[in-house]
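Undergrad: Provided herewith is a single structure, encoded as structure tokens, for subsequent inquiry.
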Amino acid sequence: MLGIECPAPPLIVENWLRGEPLTNFELGKLYIVEFWASWCYPCVKAMPHLIELQAKYKDEGLEVVGVAAYEKAPTAAEARTKLDAWLTENFSNLNYRIGFDSTGETKKLWMDASCSSTVPRSFIVDRDGHIAFFGNPTDIAHVLPKIINGTWSSDEAKAADAKRIADDQRTERFYSIKDTIRSAEEAKDWPAALSAAEEGIAMMPDDRHFREIQAGLLLQMCDTATGFQVLRQLVEDAIEKRSDAVRGLIAVMDQLFGPENDKAHLPRAERFAIGREVSEYILNSVQDSGGPTFDSYRVVAQYYYESGDKQRAIELIERAMAWLDDPEIVSEPAKQYYMPRLLQTLANYRGETACCSGSCSSSQENSPGAPKVQPQEET
């Protein structure tokens, strides 16, 4: 087992994609060993922060090492080539080492030995070559300065490890319940899926994720009264707590106005009443914070389109496209994924071909963003 204060295992890495090979941990230096994958959104989101840490603490002897041990491809050679191209395209400014664990040996010595089942996972190796911390990379900014100045105590390390274990157990249970829900939905066993979602709510009463699933399942099962009650409570909680409110409200809007959802059986008056309240809140929040998001404009645009305000819907999609086109805000892979979908939605809203940056989409009645019925004025 690998735990706090254990000697750091070796890095058995055959392929170093960036930086010089690291053969051993040098005494007197600090290391962040980050296990990650290019398909993992939290991993990719953490990379700019690791770049900053490497630059900030370089003079303190810090070396950041990324270990890609979970790449997906038919062969190790294909995974390596794919990852190399991905790094070139997305992180040309990378200032720390990246190793590709093609054999899985390093994964066994670090991730498996520490009972770490998810990425990203950050390990800090202290100046004596021992594990001083491991857990979520979001905690590094708090821990690393203390390790550098010598104030990181054994008690803090053990408390952090206990929290890590509890969080990991919670995460494993979370994904286990999600797998149960997914399997039940694939079998169209809606009561079983709903029962699993309710188990998730009991386990994580303050987390909105399973409540969102519960609402969707209730609406799917045509229990619209209870489904709308759950959605109303989600809206009230999001607005009251404010923390991460917009993201929660976007999920509510997707339930009610997502083009992929069948909404024919939903009471129109209730659906549009919630839609109007939530749309106004989202747009006001975006304006107040000065931080628009692609999803904010996308879901609100669909509400306006179905309400009959086609021009407002078009304007919001155009704003979303402009936001998505900013390389300082949105990564190139995200842009490549979302931009064609936005362009298609814009064409559907306009009822004619729409073009952007050399790409064009033609209006398609049944594509996402084009309701099967003509928008009507809300009554």
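Ordered as shown in the structure tokens, chains take letters A, B, and onward, while each chain numbers its residues from 1 and ligands are numbered from 1 in the order shown.
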Please list as a PyMOL selection string every residue within 12 Å of Ile147 of chain A, counting only C-alpha atoms and excluding residues in the same chain fewer than 2 positions away.

TA: chain A and resi 29-32+57+60+62+124-128+130-133+140-145+149-154+156-157

Undergrad: For segment 197-203 of chain A, work out the shell of residues within 10 Å, counting only C-alpha atoms and skipping chain neighbours fewer than 2 positions away, then give it as a list in words.

TA: Arg170, Arg173, Phe174, Tyr175, Ser176, Ile177, Lys178, Thr180, Ile181, Pro191, Ala192, Ala193, Leu194, Ser195, Pro205, Asp206, Asp207, Arg208, His209, Phe210, Arg211, Glu212, Ile213, Gln214, Ala215 and Leu217 of chain A

Undergrad: Between A:Tyr96, A:Tyr281, A:Phe25, A:Tyr303, which is the closest to Ile317 of chain A once you count only C-alpha atoms?

TA: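 Of all the options, A:Tyr303 lies closest to Ile317 of chain A.
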
Undergrad: Please return, as a PyMOL selection string, all residues of segment 22-219 of chain A that DSSP assigns to strand (DSSP E or B) on the basis of the backbone.

TA: chain A and resi 30-36+62-68+97-100+121-125+130-135

Undergrad: Using only C-alpha atoms, which residue out of A:Asn136, A:Arg312, A:Met321, A:Val299 lies closest to Tyr349 of chain A?

TA: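 Under the stated criterion, the closest residue is A:Arg312.
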
Undergrad: Could you give me, as a PyMOL selection string, the residues within 9 Å of Leu218 of chain A, counting only C-alpha atoms and dropping anything in the same chain fewer than 3 positions from it?

TA: chain A and resi 190+194+213-215+221-228+230

Undergrad: Using only C-alpha atoms, which protein or nucleic acid residues come within 10 Å of Arg298 of chain A? Drop anything in the same chain fewer than 4 positions from it, and give the result as a tab-separated table (two decimals) with N, CA, C and O atoms, in the first residue's frame.

TA:
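Result saved to result-v1.tsv:
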```tsv
chain	number	residue	atom	x	y	z
A	250	ILE	N	-29.31	25.55	-15.66
A	250	ILE	CA	-29.15	25.08	-17.03
A	250	ILE	C	-29.66	23.65	-17.14
A	250	ILE	O	-30.33	23.29	-18.12
A	253	MET	N	-33.39	23.70	-17.36
A	253	MET	CA	-33.82	24.11	-18.69
A	253	MET	C	-33.66	23.00	-19.71
A	253	MET	O	-34.48	22.84	-20.63
A	254	ASP	N	-32.60	22.22	-19.57
A	254	ASP	CA	-32.41	21.09	-20.47
A	254	ASP	C	-33.54	20.06	-20.31
A	254	ASP	O	-33.96	19.44	-21.29
A	258	GLY	N	-34.71	20.94	-23.70
A	258	GLY	CA	-33.71	20.24	-24.51
A	258	GLY	C	-34.36	19.65	-25.75
A	258	GLY	O	-35.34	18.91	-25.64
A	293	THR	N	-21.57	32.09	-20.61
A	293	THR	CA	-21.16	30.74	-20.93
A	293	THR	C	-21.95	30.25	-22.12
A	293	THR	O	-23.07	30.69	-22.36
A	294	PHE	N	-21.36	29.33	-22.83
A	294	PHE	CA	-22.02	28.75	-23.99
A	294	PHE	C	-23.36	28.14	-23.59
A	294	PHE	O	-24.39	28.39	-24.22
A	302	GLN	N	-33.25	28.32	-26.67
A	302	GLN	CA	-34.28	27.34	-27.01
A	302	GLN	C	-35.63	27.72	-26.40
A	302	GLN	O	-36.67	27.55	-27.02
A	303	TYR	N	-35.59	28.26	-25.18
A	303	TYR	CA	-36.83	28.72	-24.55
A	303	TYR	C	-37.46	29.83	-25.38
A	303	TYR	O	-38.67	29.80	-25.67
A	313	ALA	N	-33.91	34.41	-29.90
A	313	ALA	CA	-33.21	33.12	-29.89
A	313	ALA	C	-31.99	33.17	-30.79
A	313	ALA	O	-30.90	32.70	-30.42
A	314	ILE	N	-32.14	33.73	-31.97
A	314	ILE	CA	-31.02	33.85	-32.91
A	314	ILE	C	-29.91	34.70	-32.31
A	314	ILE	O	-28.72	34.36	-32.40
A	316	LEU	N	-29.14	35.14	-29.19
A	316	LEU	CA	-28.44	34.43	-28.12
A	316	LEU	C	-27.51	33.36	-28.68
A	316	LEU	O	-26.40	33.16	-28.16
A	317	ILE	N	-27.92	32.67	-29.73
A	317	ILE	CA	-27.03	31.68	-30.34
A	317	ILE	C	-25.82	32.37	-30.95
A	317	ILE	O	-24.68	31.87	-30.84
A	318	GLU	N	-26.01	33.51	-31.56
A	318	GLU	CA	-24.88	34.25	-32.13
A	318	GLU	C	-23.92	34.70	-31.02
A	318	GLU	O	-22.70	34.69	-31.20
A	319	ARG	N	-24.46	35.08	-29.86
A	319	ARG	CA	-23.60	35.43	-28.72
A	319	ARG	C	-22.81	34.21	-28.25
A	319	ARG	O	-21.62	34.31	-27.91
A	320	ALA	N	-23.49	33.07	-28.20
A	320	ALA	CA	-22.82	31.84	-27.78
A	320	ALA	C	-21.68	31.50	-28.72
A	320	ALA	O	-20.60	31.09	-28.29
A	321	MET	N	-21.89	31.68	-30.02
A	321	MET	CA	-20.86	31.38	-31.00
A	321	MET	C	-19.68	32.32	-30.85
A	321	MET	O	-18.52	31.91	-30.97
A	342	LEU	N	-23.84	24.49	-32.63
A	342	LEU	CA	-24.41	25.84	-32.58
A	342	LEU	C	-24.78	26.33	-33.97
A	342	LEU	O	-25.82	26.95	-34.18
A	345	THR	N	-27.94	24.74	-35.04
A	345	THR	CA	-29.07	25.35	-34.34
A	345	THR	C	-29.41	26.71	-34.94
A	345	THR	O	-30.58	27.04	-35.14
A	369	GLY	N	-32.61	21.78	-31.91
A	369	GLY	CA	-32.79	23.22	-32.03
A	369	GLY	C	-33.98	23.56	-32.88
A	369	GLY	O	-34.40	24.71	-32.92
```

Undergrad: Would you pick out the contacts of Val252 of chain A at 8 Å or less, using only C-alpha atoms, so that residues sharing its chain but fewer than 6 positions from it are not included, and give the list as a list in words?

TA: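 My reading of the contact set: Glu212, Leu231, Leu234 and Val235 of chain A.
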
Undergrad: Keeping only N, CA and C atoms, write the selected residues to a file as a PDB file, in the first residue's frame.

TA:
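Done, and the output landed in selection_14.pdb:
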```pdb
ATOM      1  N   GLU A 212     -31.708  15.948 -10.367  1.00  0.00           N
ATOM      2  CA  GLU A 212     -31.985  16.246 -11.773  1.00  0.00           C
ATOM      3  C   GLU A 212     -32.406  14.977 -12.516  1.00  0.00           C
ATOM      4  N   LEU A 231     -38.533  19.823  -9.966  1.00  0.00           N
ATOM      5  CA  LEU A 231     -37.870  20.889 -10.728  1.00  0.00           C
ATOM      6  C   LEU A 231     -38.027  22.238 -10.042  1.00  0.00           C
ATOM      7  N   LEU A 234     -35.619  22.398  -7.258  1.00  0.00           N
ATOM      8  CA  LEU A 234     -34.265  22.604  -7.766  1.00  0.00           C
ATOM      9  C   LEU A 234     -34.030  24.075  -8.105  1.00  0.00           C
ATOM     10  N   VAL A 235     -35.016  24.703  -8.716  1.00  0.00           N
ATOM     11  CA  VAL A 235     -34.893  26.126  -9.062  1.00  0.00           C
ATOM     12  C   VAL A 235     -34.780  26.970  -7.808  1.00  0.00           C
TER      13      VAL A 235
END
```

Undergrad: Using only C-alpha atoms for the distances, tell me which of A:Asp168, A:Asp161, A:Asp295, A:Asp139 is nearest to Glu5 of chain A.

TA: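 Among the listed residues, the smallest separation from Glu5 of chain A belongs to A:Asp161.
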
Undergrad: Quick one: everything within 7 Å of Gly19 of chain A, counting only C-alpha atoms, minus sequence neighbours fewer than 2 positions away in the same chain. Send it as a PyMOL selection string.

TA: chain A and resi 16-17+21+96-98

Undergrad: Keeping only N, CA and C atoms, write those residues as a compact mmCIF listing (two decimals), in the first residue's frame.

TA:
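This is the output file out_10.txt:
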```txt
# COMPACT_ATOMS: atom_id res chain seq x y z
N TRP A 16 8.77 9.41 -22.79
CA TRP A 16 8.62 10.77 -22.28
C TRP A 16 8.27 11.67 -23.46
N LEU A 17 7.04 12.16 -23.46
CA LEU A 17 6.55 12.96 -24.59
C LEU A 17 6.98 14.41 -24.50
N PRO A 21 13.73 12.79 -19.55
CA PRO A 21 13.33 11.66 -18.72
C PRO A 21 13.70 11.88 -17.25
N TYR A 96 6.28 21.49 -18.22
CA TYR A 96 6.64 20.39 -17.33
C TYR A 96 6.64 19.05 -18.09
N ARG A 97 7.24 18.05 -17.47
CA ARG A 97 7.39 16.74 -18.12
C ARG A 97 6.03 16.04 -18.29
N ILE A 98 5.93 15.28 -19.37
CA ILE A 98 4.79 14.39 -19.57
C ILE A 98 5.32 13.02 -19.95
```

Undergrad: Name the closest residue to Val13 of chain A among the candidates A:Val119, A:Val67, A:Cys360, A:Ile148; distances are taken between atoms, counting only C-alpha atoms.

TA: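 Going through A:Val119, A:Val67, A:Cys360, A:Ile148 one by one, the smallest distance to Val13 of chain A is for A:Val67.
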
Undergrad: Return the single residue from A:Val278, A:Thr81, A:Val44, A:Glu14 that is closest to Thr103 of chain A, with distances computed using only C-alpha atoms.

TA: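 Of A:Val278, A:Thr81, A:Val44, A:Glu14, the one nearest Thr103 of chain A, counting only C-alpha atoms, is A:Glu14.
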
Undergrad: Considering only C-alpha atoms, return as a list of chain:residue names whatever protein or nucleic-acid residues lie within 12 Å of Met1 of chain A, sequence-local ones (same chain, fewer than 3 positions apart) excluded.

TA: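 Skipping anything fewer than 3 positions along the chain leaves A:Ile4, A:Glu5, A:Cys6, A:Pro7, A:Ala8, A:Pro9, A:Lys108, A:Leu109, A:Trp110, A:Met111, A:Asp112, A:Ala113, A:Ser114, A:Cys115, A:Ser116.
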
Undergrad: Between atom CA of Lys45 of chain A and atom CA of Ala334 of chain A, measure the distance and give it in Å to one decimal.

TA: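 Separation of atom CA of Lys45 of chain A and atom CA of Ala334 of chain A: 11.7 Å.
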
Undergrad: Select, from A:Val65, A:Leu324, A:Leu256, A:Leu219, the residue with the minimum atom-to-atom distance to Gly275 of chain A, counting only C-alpha atoms.

TA: A:Leu256

Undergrad: What is the distance between atom CA of Leu94 of chain A and atom CA of Thr138 of chain A, in Å to one decimal?

TA: 18.8 Å
